[in-house]
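Asks: Take a look at this one; I'll ask things after.
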Amino acid sequence: MNDLLARRGVAPRRRLPLPAGVRGSVGLQRAMLLTGVALTGLFLLAALLAPLLAPYGHAQLRSGDELFGSQQHPSAAHPFGTTVAGYDVLSRTLWGTRTALGIIAVTLLLSVVAGVLLGLLSGYLGGRLDRLLVGLADAMYAFPSLLLAIIMSIVISGGRSSLAGGLGAAACSVAVAFVPQYFRVVRAEVARVKAEPFVEAARVIGTGTWRIMFRHVLRNSVRTLPLLLTINASEAILTLAGLGFLGFGIEPNSAAEWGYDLNRSVADVTSGIWWTALAPGLAMVLTVLGTTLLGESLTDLADPRLRRRPGEGRPLTKPVPEGGPGDD
């Protein structure tokens, strides 16, 4: 087509070099995907460049010898005003992105490692170990994730801690609530994959159990985990914010955290001081919205039944008519 246009003297249209996943989406599906990518990218950029973007430190109360002041109106020096404790709202919001990113990274690492290993052992070995682990996962599902995180936070750090201790306690607390999800997904995939012919062939030629588990079964059982990671990232942010809002988060002098800042701004909002809650609340909403849209869009694109033809707006699979093939 491009050669024909070139012979006629017409310059061919140049398409943007979009990834295959974006090219396979249309309409609302593509809009959700691009919005999720943009918001998630903005969050990551803010977290990585927070030391350069934030005008002040997360616990800074003065500029030179002059205090910022408590509950100051938005101004050129403080675009989103100051909190009741005298912190710059914009600075704490930007520094809070680093705290949220750290929690997401550590939480997902801990929960994925534990959930994948337990799911692999349970799904492949079966027997009493499988029944025991399934029972424990079901018991953990009986507790609300936030309540389970609060209990674990109290057990680990007494509810409040320094930056390293607080991040570790919060990450472990949230990870405990996520482990059953990865355990169930991997266990179901392992139970399916271990019945495949190539696994049986590996057993016949004398391959060891552990080599089959980690080389043949595991690598074919974790393909859906990236989709679950993006969805759990937003859950990790909300759980961390819930811990901070209820007073089980990180000390304000150790790190900035959106949930704690929202807790301190509740009294301000009722008094007409809106700016202390606007920035951290908006940052949390946009971050959760971005990761959720990204996860949902990737889930749709990974399902062939939900893919759409460009320009047609309908699924690739042909709908089955009602009734049998011989009905008129």
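Residue numbers start at 1 in each chain; chains themselves are named A, B, ... in the order of the structure tokens; ligands are numbered from 1 in the order shown.
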What lies within 9 Å of Val84 (chain A) using only C-alpha atoms, ignoring chain neighbours under 4 positions off, as a VMD selection string?
Replies: chain A and resid 69 to 72 264 to 265 268 276
Asks: Give me, as a PyMOL selection string, all polymer residues having an atom no more than 10 Å from Leu48 (chain A), counting only C-alpha atoms and skipping those fewer than 2 positions away in the same chain.
Replies: chain A and resi 42-46+50-53+94-95+97-98+101
Asks: List the spatial neighbours of His216 (chain A) as a short mmCIF file (atom, residue, chain, number, x, y, z; two decimals) with N, CA, C and O atoms, in the first residue's frame - criterion: any atom at most 10 Å away, only C-alpha atoms, same-chain residues fewer than 4 positions off excluded.
Replies:
data_model
loop_
_atom_site.label_atom_id
_atom_site.label_comp_id
_atom_site.auth_asym_id
_atom_site.auth_seq_id
_atom_site.Cartn_x
_atom_site.Cartn_y
_atom_site.Cartn_z
N VAL A 193 -1.23 -27.24 34.94
CA VAL A 193 -0.02 -27.47 34.15
C VAL A 193 0.59 -28.83 34.44
O VAL A 193 1.14 -29.48 33.53
N LYS A 194 0.52 -29.30 35.68
CA LYS A 194 1.19 -30.57 36.01
C LYS A 194 0.54 -31.76 35.30
O LYS A 194 1.13 -32.84 35.26
N PHE A 198 3.89 -32.56 28.52
CA PHE A 198 5.32 -32.31 28.64
C PHE A 198 5.83 -32.55 30.06
O PHE A 198 6.98 -32.90 30.26
N VAL A 199 4.97 -32.35 31.07
CA VAL A 199 5.36 -32.64 32.45
C VAL A 199 5.45 -34.15 32.64
O VAL A 199 6.39 -34.67 33.29
N ALA A 202 8.62 -35.36 31.16
CA ALA A 202 9.78 -35.09 32.02
C ALA A 202 9.90 -36.13 33.13
O ALA A 202 11.01 -36.53 33.50
N TRP A 210 11.97 -31.56 41.97
CA TRP A 210 12.20 -30.13 42.15
C TRP A 210 12.53 -29.45 40.82
O TRP A 210 12.13 -28.31 40.58
N ARG A 211 13.23 -30.15 39.96
CA ARG A 211 13.55 -29.57 38.65
C ARG A 211 12.28 -29.42 37.81
O ARG A 211 12.09 -28.42 37.12
N ILE A 212 11.41 -30.40 37.88
CA ILE A 212 10.13 -30.30 37.15
C ILE A 212 9.31 -29.14 37.70
O ILE A 212 8.72 -28.35 36.93
N ASN A 220 5.41 -21.91 33.56
CA ASN A 220 4.16 -21.91 32.80
C ASN A 220 2.94 -21.62 33.66
O ASN A 220 1.81 -21.73 33.18
N SER A 221 3.16 -21.25 34.93
CA SER A 221 2.04 -21.02 35.85
C SER A 221 1.96 -19.60 36.36
O SER A 221 1.11 -19.30 37.20
#
Asks: Give me the residues near Arg62 (chain A) as a list in words, where near means some atom within 12 Å (using only C-alpha atoms) and where sequence neighbours in that chain fewer than 4 positions away do not count.
Replies: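 Contacts, with the query itself left out: Pro55, Tyr56, Gly57, His58, Glu66, Leu67, Phe68, Gly69, Ser70, Ala77, His78, Thr82, Ala85, Gly86, Tyr87 and Asp88 of chain A.
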Asks: When DSSP works through the backbone of this structure, what residues of region 171-288 of chain A end up as alpha helix (DSSP H), shown as number ranges by chain?
Replies: A: 171-193, 197-204, 209-211, 225-245, 258-270, 275-288
Asks: Would you compute the distance between CA of Ala233 (chain A) and CA of Gly41 (chain A)? Give it in Å to one decimal.
Replies: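 Interatomic distance, CA of Ala233 (chain A) to CA of Gly41 (chain A): 13.5 Å.
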Asks: So, counting only C-alpha atoms, which residue among A:Ile250, A:Val190, A:Ala256, A:Met140 is closest to Arg219 (chain A)?
Replies: A:Val190
Asks: Taking into account only C-alpha atoms, which residue in the set A:Ile154, A:Val269, A:Val222, A:Leu298 is nearest to Gly247 (chain A)?
Replies: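 Answer, going by the shortest atom-to-atom distance: A:Ile154.
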Asks: Near region 173-184 of chain A, within 6 Å and counting only C-alpha atoms, which residues show up once chain neighbours fewer than 5 positions away are dropped, as a ChimeraX atom specification?
Replies: /A:107,111,115-116,119,137,145,149,152-153
Asks: Work out how far CA of Phe245 (chain A) is from CA of Asn263 (chain A), in Å to one decimal.
Replies: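 Going from CA of Asn263 (chain A) over to CA of Phe245 (chain A), I get 4.9 Å.
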Asks: Pick out the residues sitting within 10 Å of region 166-171 of chain A, and hand them over as a PyMOL selection string; count only C-alpha atoms, and ignore anything fewer than 5 positions along from it in its own chain.
Replies: chain A and resi 99-100+102-111+149-150+152-161+176+236+239-240+243-244+248-251+254-255
Asks: What separation in Å, quoted to one decimal, exists between CA of Thr83 (chain A) and CA of Leu286 (chain A)?
Replies: 21.2 Å
